[in-house]
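Have a look at my_file03.cif; it's mmCIF, C-alpha atoms and all ligand atoms:
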```
data_work
#
loop_
_atom_site.label_atom_id
_atom_site.label_comp_id
_atom_site.auth_asym_id
_atom_site.auth_seq_id
_atom_site.Cartn_x
_atom_site.Cartn_y
_atom_site.Cartn_z
CA LEU A 82 3.55 21.86 -25.79
CA ASN A 83 7.12 21.92 -24.58
CA ASP A 84 8.43 20.22 -21.47
CA LEU A 85 9.31 23.52 -19.81
CA SER A 86 5.74 24.73 -19.62
CA LYS A 87 4.20 23.80 -16.25
CA ASN A 88 0.73 25.23 -16.36
CA ILE A 89 -1.30 23.50 -13.71
CA ALA A 90 -5.05 23.10 -13.30
CA ILE A 91 -6.02 22.26 -9.72
CA LEU A 92 -9.35 20.48 -9.51
CA GLY A 93 -10.48 21.01 -5.92
CA SER A 94 -8.23 23.98 -5.13
CA THR A 95 -10.25 24.92 -2.03
CA GLY A 96 -9.64 21.57 -0.33
CA SER A 97 -6.82 20.33 1.83
CA ILE A 98 -4.68 19.00 -1.06
CA GLY A 99 -5.62 21.97 -3.24
CA CYS A 100 -4.45 24.55 -0.67
CA ASN A 101 -1.22 22.63 -0.05
CA ALA A 102 -0.65 22.48 -3.81
CA LEU A 103 -1.05 26.25 -4.16
CA GLU A 104 1.59 26.74 -1.46
CA VAL A 105 3.95 24.37 -3.28
CA ILE A 106 3.39 26.08 -6.65
CA GLU A 107 3.91 29.53 -5.14
CA LYS A 108 7.20 28.43 -3.57
CA LEU A 109 8.41 26.65 -6.73
CA GLY A 110 7.75 29.77 -8.79
CA PRO A 111 7.93 29.91 -12.60
CA PRO A 112 7.60 27.94 -14.77
CA TYR A 113 5.09 26.41 -12.30
CA ARG A 114 1.83 28.32 -12.50
CA ALA A 115 -1.68 27.61 -11.24
CA VAL A 116 -3.53 28.62 -14.41
CA ALA A 117 -6.88 27.07 -13.55
CA LEU A 118 -8.68 26.42 -10.26
CA SER A 119 -11.90 24.60 -9.46
CA ALA A 120 -14.00 24.87 -6.33
CA HIS A 121 -17.30 23.32 -5.39
CA SER A 122 -19.00 25.29 -2.59
CA GLN A 123 -16.40 27.61 -1.08
CA GLY A 124 -16.88 30.75 -3.17
CA GLN A 125 -15.18 33.16 -0.79
CA LYS A 126 -12.08 30.99 -0.47
CA LEU A 127 -11.93 30.71 -4.26
CA ILE A 128 -12.05 34.50 -4.61
CA GLU A 129 -9.10 34.80 -2.22
CA GLN A 130 -7.17 32.19 -4.21
CA VAL A 131 -7.89 34.01 -7.48
CA GLU A 132 -6.69 37.30 -5.97
CA ARG A 133 -3.45 35.70 -4.89
CA HIS A 134 -2.66 33.30 -7.73
CA ARG A 135 -4.30 35.03 -10.71
CA PRO A 136 -5.40 31.96 -12.70
CA ALA A 137 -6.72 32.41 -16.23
CA ALA A 138 -9.81 30.29 -15.60
CA VAL A 139 -11.88 28.86 -12.76
CA ALA A 140 -14.71 26.38 -12.42
CA ILE A 141 -17.45 26.53 -9.80
CA THR A 142 -19.36 23.26 -9.67
CA ASP A 143 -21.95 23.80 -6.92
CA ASP A 144 -24.97 25.62 -8.36
CA SER A 145 -25.83 27.12 -4.99
CA VAL A 146 -22.76 29.40 -5.14
CA ASP A 147 -24.01 32.94 -5.73
CA ASP A 148 -23.53 34.61 -9.13
CA SER A 149 -21.80 37.52 -7.40
CA VAL A 150 -18.87 35.20 -6.71
CA ALA A 151 -18.48 34.51 -10.43
CA GLN A 152 -18.81 38.21 -11.23
CA GLN A 153 -16.14 39.16 -8.71
CA ILE A 154 -13.80 36.53 -10.15
CA GLU A 155 -14.42 37.76 -13.70
CA ARG A 156 -13.54 41.27 -12.58
CA LEU A 157 -10.21 39.82 -11.41
CA GLY A 158 -9.63 38.72 -15.00
CA ALA A 159 -10.42 35.00 -14.87
CA ARG A 160 -12.89 33.16 -17.12
CA VAL A 161 -15.54 31.33 -15.10
CA TYR A 162 -17.03 27.97 -16.02
CA ARG A 163 -20.16 26.81 -14.25
CA GLY A 164 -22.45 23.80 -14.42
CA SER A 165 -21.86 20.08 -14.51
CA ALA A 166 -19.28 20.14 -17.34
CA ALA A 167 -17.20 22.95 -15.81
CA MET A 168 -14.42 20.75 -14.39
CA VAL A 169 -14.10 18.85 -17.67
CA GLN A 170 -13.78 22.15 -19.54
CA LEU A 171 -11.10 23.31 -17.11
CA ALA A 172 -9.13 20.05 -17.27
CA THR A 173 -9.01 20.10 -21.07
CA LEU A 174 -8.06 23.77 -21.64
CA ALA A 175 -5.33 24.08 -24.28
CA GLU A 176 -3.04 26.07 -21.95
CA VAL A 177 -3.10 23.38 -19.22
CA ASP A 178 -0.14 20.93 -19.10
CA ILE A 179 -0.72 19.22 -15.74
CA VAL A 180 -4.04 18.44 -14.10
CA LEU A 181 -3.82 18.00 -10.34
CA ALA A 182 -6.93 16.04 -9.45
CA ALA A 183 -7.66 16.92 -5.82
CA VAL A 184 -11.43 16.64 -5.80
CA VAL A 185 -12.89 14.22 -3.29
CA GLY A 186 -14.90 11.22 -4.41
CA ALA A 187 -16.14 9.72 -7.66
CA ALA A 188 -17.28 13.24 -8.62
CA GLY A 189 -13.76 13.73 -9.95
CA LEU A 190 -13.95 10.89 -12.46
CA PRO A 191 -15.33 12.68 -15.56
CA ALA A 192 -12.67 15.38 -15.38
CA VAL A 193 -9.88 12.90 -14.65
CA LEU A 194 -10.89 10.80 -17.63
CA ALA A 195 -11.18 13.91 -19.82
CA ALA A 196 -7.71 15.06 -18.74
CA VAL A 197 -6.16 11.73 -19.71
CA ARG A 198 -8.03 11.72 -23.03
CA ALA A 199 -6.77 15.26 -23.70
CA GLY A 200 -3.19 14.06 -23.10
CA LYS A 201 -2.60 16.09 -19.92
CA THR A 202 -0.10 14.85 -17.36
CA LEU A 203 -2.20 13.72 -14.40
CA ALA A 204 -1.08 14.36 -10.82
CA LEU A 205 -3.58 12.17 -9.02
CA ALA A 206 -4.77 12.68 -5.45
CA ASN A 207 -8.35 11.72 -6.26
CA LYS A 208 -7.84 7.99 -5.62
CA GLU A 209 -11.58 7.29 -5.84
CA SER A 210 -11.56 7.82 -9.61
CA LEU A 211 -8.94 5.10 -10.00
CA VAL A 212 -10.82 2.73 -7.68
CA VAL A 213 -13.99 3.25 -9.69
CA ALA A 214 -12.54 3.29 -13.19
CA GLY A 215 -8.94 2.07 -13.17
CA SER A 216 -9.98 -0.42 -15.87
CA LEU A 217 -10.66 2.54 -18.21
CA LEU A 218 -8.14 5.12 -17.00
CA ILE A 219 -5.00 3.00 -17.01
CA PRO A 220 -5.38 1.55 -20.54
CA GLU A 221 -6.40 5.00 -21.82
CA ALA A 222 -3.29 6.58 -20.27
CA ARG A 223 -1.07 3.85 -21.74
CA ARG A 224 -2.57 4.23 -25.21
CA ARG A 225 -1.92 7.96 -25.17
CA GLY A 226 1.42 7.87 -23.37
CA VAL A 227 -0.04 10.00 -20.56
CA LYS A 228 1.83 10.03 -17.25
CA ILE A 229 -0.16 9.40 -14.08
CA LEU A 230 1.91 10.67 -11.15
CA PRO A 231 0.68 9.67 -7.70
CA VAL A 232 0.07 12.37 -5.09
CA ASP A 233 -1.16 9.97 -2.41
CA SER A 234 1.82 9.77 -0.03
CA GLU A 235 2.01 5.94 -0.03
CA HIS A 236 1.93 5.73 -3.81
CA SER A 237 4.42 8.54 -4.18
CA ALA A 238 6.71 6.54 -1.88
CA VAL A 239 6.20 3.36 -3.92
CA PHE A 240 6.72 5.31 -7.16
CA GLN A 241 10.03 6.63 -5.80
CA ALA A 242 11.13 3.22 -4.49
CA MET A 243 10.24 1.66 -7.87
CA GLN A 244 13.01 3.71 -9.43
CA CYS A 245 15.56 1.43 -7.68
CA GLY A 246 14.75 -1.64 -9.78
CA LYS A 247 12.73 -3.08 -12.63
CA SER A 248 9.05 -3.91 -12.25
CA ASP A 249 9.67 -7.66 -12.78
CA GLU A 250 12.16 -7.54 -9.89
CA VAL A 251 9.50 -6.40 -7.39
CA ARG A 252 8.50 -9.05 -4.86
CA ARG A 253 5.91 -6.98 -3.02
CA ILE A 254 4.69 -3.50 -2.22
CA ILE A 255 4.30 -2.71 1.47
CA LEU A 256 1.83 0.09 2.11
CA THR A 257 2.16 1.74 5.49
CA ALA A 258 -0.92 2.89 7.41
CA SER A 259 -1.03 5.08 10.51
CA GLY A 260 -3.89 2.96 11.87
CA GLY A 261 -5.95 6.12 12.34
CA PRO A 262 -7.62 7.28 15.56
CA PHE A 263 -8.98 3.81 16.42
CA ARG A 264 -5.76 1.82 16.09
CA ASN A 265 -5.97 0.77 19.74
CA ALA A 266 -9.72 1.12 20.24
CA THR A 267 -11.94 -1.80 21.19
CA ARG A 268 -14.74 -2.94 18.94
CA GLN A 269 -17.29 -1.39 21.35
CA GLN A 270 -15.48 1.95 21.42
CA MET A 271 -15.43 1.99 17.63
CA GLU A 272 -19.08 1.05 17.41
CA ARG A 273 -20.09 4.15 19.43
CA ALA A 274 -17.40 6.54 18.16
CA THR A 275 -18.57 10.10 17.55
CA LEU A 276 -17.81 12.24 14.53
CA ALA A 277 -15.27 14.19 16.60
CA ASP A 278 -13.53 10.93 17.62
CA ALA A 279 -13.36 9.81 13.99
CA LEU A 280 -12.02 13.18 12.82
CA ASN A 281 -9.24 13.18 15.39
CA HIS A 282 -6.48 11.75 13.20
CA PRO A 283 -3.17 11.22 15.02
CA THR A 284 -0.72 12.25 12.28
CA TRP A 285 -2.43 13.90 9.27
CA ARG A 286 -4.65 16.98 8.80
CA MET A 287 -6.86 16.26 5.79
CA GLY A 288 -10.37 16.73 4.42
CA ASN A 289 -13.23 15.12 6.36
CA LYS A 290 -13.96 12.26 3.97
CA ILE A 291 -10.44 10.86 3.85
CA THR A 292 -10.12 11.37 7.61
CA ILE A 293 -13.19 9.19 8.24
CA ASP A 294 -11.79 6.73 5.68
CA SER A 295 -8.61 6.56 7.77
CA ALA A 296 -10.67 5.76 10.86
CA THR A 297 -12.46 2.83 9.14
CA MET A 298 -9.30 1.99 7.14
CA PHE A 299 -11.33 2.27 3.95
CA ASN A 300 -8.63 4.73 2.99
CA LYS A 301 -6.10 1.89 3.01
CA ALA A 302 -8.62 -0.29 1.18
CA LEU A 303 -8.87 2.31 -1.59
CA GLU A 304 -5.08 2.55 -1.59
CA ILE A 305 -4.60 -1.21 -2.05
CA ILE A 306 -6.78 -1.05 -5.16
CA GLU A 307 -5.07 2.17 -6.26
CA ALA A 308 -1.65 0.48 -5.97
CA CYS A 309 -2.75 -2.49 -8.11
CA TRP A 310 -3.77 -0.11 -10.89
CA LEU A 311 -0.87 2.33 -10.68
CA PHE A 312 1.90 -0.26 -10.46
CA ASP A 313 0.28 -3.07 -12.43
CA VAL A 314 0.65 -5.65 -9.65
CA PRO A 315 -1.77 -8.36 -8.50
CA PRO A 316 -3.41 -7.82 -5.08
CA ASP A 317 -1.39 -10.60 -3.43
CA LYS A 318 1.74 -8.50 -4.00
CA VAL A 319 0.35 -5.58 -1.99
CA GLU A 320 0.64 -5.77 1.79
CA VAL A 321 -0.32 -3.38 4.57
CA VAL A 322 1.62 -2.73 7.75
CA ILE A 323 0.57 -0.40 10.55
CA HIS A 324 3.19 2.26 11.18
CA PRO A 325 1.78 4.83 13.63
CA GLU A 326 4.44 7.52 13.12
CA SER A 327 3.61 8.03 9.40
CA VAL A 328 7.27 8.67 8.56
CA ILE A 329 7.91 5.72 6.27
CA HIS A 330 5.32 6.35 3.59
CA SER A 331 5.60 2.91 1.99
CA MET A 332 8.18 0.38 0.81
CA VAL A 333 9.04 -1.85 -2.10
CA GLU A 334 10.69 -5.22 -1.56
CA TYR A 335 12.74 -6.56 -4.46
CA VAL A 336 13.41 -10.22 -5.24
CA ASP A 337 16.91 -10.02 -3.74
CA GLY A 338 15.41 -9.13 -0.35
CA SER A 339 16.27 -5.42 -0.45
CA VAL A 340 13.49 -3.21 0.88
CA ILE A 341 13.50 0.40 -0.33
CA ALA A 342 11.53 2.87 1.78
CA GLN A 343 10.75 6.57 1.40
CA LEU A 344 10.81 8.67 4.58
CA SER A 345 9.71 12.23 5.29
CA PRO A 346 7.57 13.94 7.94
CA PRO A 347 3.81 13.55 7.38
CA ASP A 348 3.41 16.58 5.14
CA MET A 349 1.45 16.25 1.87
CA ARG A 350 3.42 19.07 0.30
CA THR A 351 6.29 16.61 -0.26
CA PRO A 352 4.42 14.14 -2.51
CA ILE A 353 2.45 16.96 -4.17
CA GLN A 354 5.69 18.67 -5.11
CA TYR A 355 7.31 15.47 -6.37
CA ALA A 356 4.35 14.82 -8.67
CA LEU A 357 4.73 18.34 -10.08
CA THR A 358 8.53 18.44 -10.48
CA TYR A 359 9.08 14.78 -11.48
CA PRO A 360 11.54 13.63 -12.76
CA GLN A 361 13.40 16.52 -11.12
CA ARG A 362 13.62 17.43 -7.44
CA GLN A 363 13.62 20.94 -6.10
CA GLU A 364 13.84 22.69 -2.78
CA GLY A 365 10.35 23.25 -1.45
CA VAL A 366 8.18 24.28 1.48
CA SER A 367 7.69 20.94 3.19
CA ARG A 368 9.00 20.08 6.64
CA ARG A 369 12.31 18.19 6.90
CA LEU A 370 12.96 15.01 8.81
CA ASP A 371 14.78 15.54 12.10
CA LEU A 372 16.50 12.42 13.40
CA THR A 373 18.45 14.13 16.18
CA GLY A 374 15.80 14.34 18.90
CA GLY A 375 15.32 10.63 19.69
CA PHE A 376 13.37 8.81 17.11
CA LYS A 377 11.53 5.49 17.00
CA LEU A 378 9.58 3.80 14.25
CA HIS A 379 7.01 1.11 15.06
CA PHE A 380 5.32 -1.56 12.97
CA GLU A 381 2.45 -3.93 13.69
CA PRO A 382 0.12 -6.09 11.63
CA PRO A 383 -3.33 -4.67 10.78
CA ASP A 384 -6.42 -6.12 12.46
CA THR A 385 -8.81 -7.22 9.72
CA GLU A 386 -11.47 -8.14 12.29
CA ARG A 387 -11.90 -4.57 13.50
CA PHE A 388 -11.12 -3.19 10.04
CA PRO A 389 -13.02 -5.37 7.53
CA ALA A 390 -12.26 -2.75 4.85
CA LEU A 391 -8.87 -4.39 4.25
CA ARG A 392 -10.41 -7.79 3.58
CA LEU A 393 -13.00 -6.23 1.26
CA ALA A 394 -10.25 -4.45 -0.68
CA TYR A 395 -8.47 -7.69 -1.59
CA ASP A 396 -11.74 -9.22 -2.61
CA VAL A 397 -12.59 -6.25 -4.83
CA ALA A 398 -9.07 -5.95 -6.28
CA THR A 399 -9.22 -9.63 -7.21
CA ARG A 400 -12.71 -9.56 -8.73
CA GLY A 401 -12.34 -6.25 -10.60
CA GLY A 402 -15.15 -5.29 -12.97
CA THR A 403 -17.79 -3.09 -11.36
CA SER A 404 -16.82 -4.08 -7.80
CA GLY A 405 -14.46 -1.11 -7.24
CA ALA A 406 -17.21 1.31 -8.23
CA VAL A 407 -19.57 -0.40 -5.78
CA LEU A 408 -17.12 -0.44 -2.87
CA ASN A 409 -16.30 3.23 -3.42
CA ALA A 410 -19.86 4.47 -3.85
CA ALA A 411 -21.16 2.45 -0.89
CA ASN A 412 -18.37 3.88 1.24
CA GLU A 413 -19.03 7.46 0.09
CA ALA A 414 -22.74 7.07 0.88
CA ALA A 415 -22.08 5.43 4.26
CA VAL A 416 -19.54 8.10 5.26
CA ALA A 417 -22.01 10.83 4.29
CA ALA A 418 -24.69 9.13 6.41
CA PHE A 419 -22.32 8.89 9.38
CA VAL A 420 -21.28 12.56 9.04
CA ALA A 421 -24.99 13.51 8.89
CA GLY A 422 -25.56 11.63 12.14
CA ASN A 423 -27.82 9.01 10.54
CA ILE A 424 -25.79 5.89 11.34
CA PRO A 425 -23.29 4.87 14.01
CA PHE A 426 -19.61 4.60 13.07
CA GLY A 427 -19.59 0.81 13.16
CA GLU A 428 -22.30 0.73 10.53
CA ILE A 429 -20.08 2.17 7.78
CA SER A 430 -18.13 -1.05 7.19
CA ARG A 431 -21.21 -3.24 7.56
CA LEU A 432 -23.14 -1.24 4.95
CA VAL A 433 -20.29 -1.42 2.47
CA GLU A 434 -19.91 -5.15 3.02
CA LEU A 435 -23.66 -5.79 2.60
CA THR A 436 -23.75 -3.68 -0.55
CA ILE A 437 -20.82 -5.51 -2.11
CA ALA A 438 -22.43 -8.83 -1.20
CA GLY A 439 -25.67 -7.79 -2.92
CA HIS A 440 -23.97 -6.64 -6.11
CA CYS A 441 -24.13 -8.60 -9.32
CA LEU A 442 -20.64 -8.18 -10.75
CA GLN A 443 -20.13 -7.07 -14.33
CA ALA A 444 -16.71 -8.19 -15.55
CA ASP A 445 -15.79 -5.82 -18.36
CA PRO A 446 -17.69 -2.59 -17.68
CA THR A 447 -18.03 0.53 -19.83
CA LEU A 448 -18.03 3.99 -18.23
CA ASP A 449 -21.79 3.86 -18.31
CA ASP A 450 -21.83 0.51 -16.48
CA LEU A 451 -19.50 1.90 -13.82
CA LEU A 452 -21.65 4.98 -13.29
CA LYS A 453 -24.73 2.74 -13.05
CA ALA A 454 -23.01 0.52 -10.49
CA ASP A 455 -22.06 3.67 -8.54
CA ARG A 456 -25.69 4.87 -8.51
CA TRP A 457 -26.98 1.42 -7.60
CA ALA A 458 -24.61 1.17 -4.60
CA ARG A 459 -25.62 4.58 -3.27
CA GLN A 460 -29.31 3.63 -3.54
CA MET A 461 -28.61 0.29 -1.88
CA VAL A 462 -26.96 2.00 1.10
CA GLY A 463 -29.90 4.39 1.27
CA SER A 464 -32.44 1.54 1.35
CA LEU A 465 -30.44 -0.45 3.91
CA ILE A 466 -30.37 2.59 6.21
CA ALA A 467 -34.10 3.23 5.65
CA ALA A 468 -34.91 -0.43 6.40
CA GLN A 469 -32.89 -0.28 9.62
CA SER A 470 -34.59 2.91 10.86
CA ALA A 471 -37.97 1.42 10.01
CA ALA A 472 -37.07 -1.72 12.00
CA LEU A 473 -35.91 0.41 14.94
CA ALA A 474 -39.15 2.41 14.90
CA HIS A 475 -41.17 -0.78 15.39
P1 LIG B 501 -11.26 18.17 0.82
O1 LIG B 501 -12.60 17.77 1.27
O2 LIG B 501 -10.39 18.96 1.73
O3 LIG B 501 -11.37 18.97 -0.56
C1 LIG B 501 -12.13 18.49 -1.61
C2 LIG B 501 -12.13 19.48 -2.77
O4 LIG B 501 -13.02 19.00 -3.77
C3 LIG B 501 -12.62 20.87 -2.41
O5 LIG B 501 -11.96 21.81 -3.22
C4 LIG B 501 -14.10 20.81 -2.74
O6 LIG B 501 -14.66 22.08 -3.03
C5 LIG B 501 -14.09 19.94 -3.97
N1 LIG B 501 -15.32 19.16 -4.15
C6 LIG B 501 -16.03 18.52 -3.20
N2 LIG B 501 -17.09 17.90 -3.73
C7 LIG B 501 -17.07 18.17 -5.05
C8 LIG B 501 -17.92 17.85 -6.14
N3 LIG B 501 -19.03 17.10 -5.96
N4 LIG B 501 -17.61 18.30 -7.37
C9 LIG B 501 -16.51 19.05 -7.56
N5 LIG B 501 -15.66 19.40 -6.56
C10 LIG B 501 -15.94 18.95 -5.32
O7 LIG B 501 -10.51 16.82 0.38
P2 LIG B 501 -8.96 16.49 0.45
O8 LIG B 501 -8.16 17.60 -0.12
O9 LIG B 501 -8.63 15.97 1.78
O10 LIG B 501 -8.88 15.22 -0.54
C11 LIG B 501 -8.98 15.36 -1.94
C12 LIG B 501 -8.61 14.02 -2.59
O11 LIG B 501 -7.24 13.75 -2.29
C13 LIG B 501 -9.40 12.83 -2.05
O12 LIG B 501 -9.61 11.92 -3.08
C14 LIG B 501 -8.47 12.23 -1.00
O13 LIG B 501 -8.70 10.84 -0.84
C15 LIG B 501 -7.11 12.49 -1.64
N6 LIG B 501 -6.02 12.58 -0.68
C16 LIG B 501 -6.02 13.56 0.28
C17 LIG B 501 -5.00 13.65 1.21
C18 LIG B 501 -4.97 14.79 2.20
O14 LIG B 501 -3.95 14.95 2.88
N7 LIG B 501 -5.99 15.59 2.33
C19 LIG B 501 -3.91 12.67 1.22
C20 LIG B 501 -3.98 11.71 0.16
C21 LIG B 501 -5.01 11.67 -0.75
P3 LIG B 501 -15.27 23.05 -1.88
O15 LIG B 501 -14.41 22.89 -0.67
O16 LIG B 501 -15.16 24.41 -2.52
O17 LIG B 501 -16.68 22.64 -1.64
MG MG B 502 -2.52 7.95 1.49
#
```

As structure tokens:
Amino acid sequence: LNDLSKNIAILGSTGSIGCNALEVIEKLGPPYRAVALSAHSQGQKLIEQVERHRPAAVAITDDSVDDSVAQQIERLGARVYRGSAAMVQLATLAEVDIVLAAVVGAAGLPAVLAAVRAGKTLALANKESLVVAGSLLIPEARRRGVKILPVDSEHSAVFQAMQCGKSDEVRRIILTASGGPFRNATRQQMERATLADALNHPTWRMGNKITIDSATMFNKALEIIEACWLFDVPPDKVEVVIHPESVIHSMVEYVDGSVIAQLSPPDMRTPIQYALTYPQRQEGVSRRLDLTGGFKLHFEPPDTERFPALRLAYDVATRGGTSGAVLNAANEAAVAAFVAGNIPFGEISRLVELTIAGHCLQADPTLDDLLKADRWARQMVGSLIAAQSAALAH
């Protein structure tokens, strides 16, 4: 496949990143083409995307989506893949050059791994797959010379700043964090926070899961681990600073004391586009930074007492093995329980911490071991919640 061909498969096209990516691709125009789209539950939205972007193939992964959706899409000229292997099939299609992984959660892992194994360039938004299986994905990508281009805004910023020096000249990576909706909340306010409170993010509009993760700061926890894998640095070289404006997306400090930062308005279309056009830059659809109207940037240290996620991240990044899979799965299960109204907000961090504490670490896991650890953690969270409700009922 030649370098000019930019056929993109978007895994999770109906989500927040997926929709932004389609806008970017449409604006970029040829040779950028969305040739394959995958959706989970939103059949109608997928039909609209197929009408507009005319992909060659789609995947529908939720079995409850009606067959009429698939039929309508086939009439529009796209092949439809269904069932549990559908995303893997899509990610490995011969005509696909770039896989944009924008599915939420560990559910994206099989397709991400398959894309790397098939030699596709990977534009990675789905940070959970790296947190779970960085120990498999990164060596696999290196062996095959596959590029993993970060879509996460912080990692895109670091990736850009890294181009100002050599990796052995890096002193530390400074990840910025907005601090989320509870940056200034008291412990008690956080404990009782409602779903609406947690979804009220000050600077970003994103899918529900990552928005809740921003409120607990598990998003930053996942990003610390993600940074260690992507940039091959030890956890003690990754720091977090709260920066409420979300304009500096992250920084790299070099050994000579120079700190290189990347700035742009909080608009995911910028890092999505850079991952697609790298190593080139092109005019796009994203908002531009306006410095004329009075402009202040603030920084403060994170509070690891109210946000234990940060502490847990360093622990997990240091221990490696199956611990990333456990942290991620426990968090996914706890977030789902909070969204379902089964646990209070404050319980999310506690459940993840208890689950990690109860896990028997496996140092050099296979994919199977990681998937087992993932299942174990979800069950553990389930039993902890059940035990608590039983205790409350007495
Ligand atoms: P959304 O919830 O908005 O979208 C998720 C997408 O994945 C949807 O297309 C959804 O399909 C699909 N999906 C959900 N569950 C499954 C499943 N079990 N199997 C297959 N597909 C599934 O998420 P976001 O776009 O916000 O986030 C996507 C990823 O990008 C996450 O890993 C997130 O951490 C990361 N990210 C997101 C940012 C953002 O600005 N949103 C910023 C940085 C990173 P459907 O809707 O049809 O059910
Ligand atoms: Mg981010």

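From CA of Thr257 in chain A back to CA of Val322 in chain A, the distance works out to 5.0 Å.
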
| message | What residues of the protein or nucleic acid chains come within 9 Å of ligand LIG 501 (chain B) when you use only C-alpha atoms and all ligand atoms? Reply as a PyMOL selection string. | response | chain A and resi 91-101+119-127+140-143+165+168+182-189+205-210+232-235+285-292+294+300+303+348-350

| query | How far is it from CA of Asp313 in chain A to CA of Gly260 in chain A, in Å with one decimal? | reply | 25.4 Å

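With only C-alpha atoms as the atoms that count, the residue of A:Leu432, A:Leu85, A:Val139, A:Val366 with the shortest distance to Gln469 in chain A is A:Leu432.
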
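Counting all atoms listed in the file, the residue from A:Val116, A:Ala175, A:Val340, A:Ala258 that sits nearest to ligand MG 502 (chain B) is A:Ala258.
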
| request: Using only C-alpha atoms, determine which residues lie at most 10 Å from range 195-199 of chain A, disregarding the query and same-chain residues fewer than 2 positions distant; provide the list as a PyMOL selection string. | output: chain A and resi 168-175+177-182+190-193+201-203+218-219+221-229

| Spatial neighbours of range 416-418 of chain A, 9 Å, all atoms listed in the file, chain gap at least 3 places, as a list of chain:residue names | A:Lys290, A:Ile293, A:Asp294, A:Ala411, A:Asn412, A:Glu413, A:Ala421, A:Gly422, A:Asn423, A:Ile424, A:Pro425, A:Phe426, A:Ile429, A:Gly463, A:Ile466

| Quick one: distance from CA of Arg400 in chain A to CA of Leu452 in chain A in Å, one decimal? | 17.7 Å

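With distances restricted to only C-alpha atoms and all ligand atoms, A:Val321 is the closest residue to ligand MG 502 (chain B) from A:Val131, A:Val321, A:Val146, A:Ala159.
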
| remark: Residue with the minimum atom-to-atom distance to ligand MG 502 (chain B), picked from A:Asp144, A:Glu176, A:Glu304, A:Glu104 with only C-alpha atoms and all ligand atoms counted, is A:Glu304

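Those residues that approach Ile306 in chain A to within 7 Å, counting only C-alpha atoms, are Val212, Ala302, Leu303, Glu304, Ala308, Cys309, Trp310, Ala394 and Ala398 of chain A; same-chain residues fewer than 2 positions away are not listed.
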
Please produce a file of those selected residues containing C-alpha atoms, as a PDB file, in the frame of the given file.
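See out_18.pdb below for the written result:
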```pdb
ATOM      1  CA  VAL A 212     -10.820   2.730  -7.680  1.00  0.00           C
ATOM      2  CA  ALA A 302      -8.620  -0.290   1.180  1.00  0.00           C
ATOM      3  CA  LEU A 303      -8.870   2.310  -1.590  1.00  0.00           C
ATOM      4  CA  GLU A 304      -5.080   2.550  -1.590  1.00  0.00           C
ATOM      5  CA  ALA A 308      -1.650   0.480  -5.970  1.00  0.00           C
ATOM      6  CA  CYS A 309      -2.750  -2.490  -8.110  1.00  0.00           C
ATOM      7  CA  TRP A 310      -3.770  -0.110 -10.890  1.00  0.00           C
ATOM      8  CA  ALA A 394     -10.250  -4.450  -0.680  1.00  0.00           C
ATOM      9  CA  ALA A 398      -9.070  -5.950  -6.280  1.00  0.00           C
TER      10      ALA A 398
END
```

| task | Tell me, as a PyMOL selection string, which residues lie within 12 Å of Ser331 in chain A, counting only C-alpha atoms; anything in the same chain fewer than 3 positions away does not count. | result | chain A and resi 233-243+253-259+301+304-305+308+319-324+327-328+334+340-345+380

| Nearest to Ala204 in chain A: which of A:Ala458, A:Val161, A:Leu357, A:Leu473 is it, counting all atoms listed in the file? | A:Leu357

| note | The residue from A:Gly158, A:Gly427, A:Gly261, A:Gly401 with the smallest atom-to-atom distance to ligand MG 502 (chain B), counting all atoms listed in the file, is A:Gly261

| said: Applying 12 Å and all atoms listed in the file, which residues near Asp371 in chain A remain after dropping the ones on its own chain fewer than 2 positions away? List them as a ChimeraX atom specification. | reply: /A:328,344-346,368-369,373-377

| task | Compute the distance from (-14.8, 2.1, -14.5) to each atom, counting only C-alpha atoms, keep the residues with any atom at most 7 Å away, and return them as an MDAnalysis selection string; use the coordinates of the file. | result | chainID A and resid 213:217 403 406 446:448 451

Missing atoms of range 329-335 of chain A rebuilt to N, CA and C atoms, written as a compact mmCIF listing (two decimals), in the coordinates of the input:
```txt
# COMPACT_ATOMS: atom_id res chain seq x y z
N ILE A 329 7.67 6.55 7.46
CA ILE A 329 7.91 5.72 6.27
C ILE A 329 6.60 5.68 5.51
N HIS A 330 6.60 6.19 4.30
CA HIS A 330 5.32 6.35 3.59
C HIS A 330 4.92 5.13 2.78
N SER A 331 5.84 4.24 2.57
CA SER A 331 5.60 2.91 1.99
C SER A 331 6.94 2.34 1.55
N MET A 332 6.93 1.07 1.14
CA MET A 332 8.18 0.38 0.81
C MET A 332 7.96 -0.55 -0.36
N VAL A 333 9.06 -0.84 -1.05
CA VAL A 333 9.04 -1.85 -2.10
C VAL A 333 10.11 -2.88 -1.78
N GLU A 334 9.70 -4.16 -1.75
CA GLU A 334 10.69 -5.22 -1.56
C GLU A 334 11.00 -5.83 -2.92
N TYR A 335 12.30 -5.94 -3.21
CA TYR A 335 12.74 -6.56 -4.46
C TYR A 335 13.07 -8.04 -4.23
```
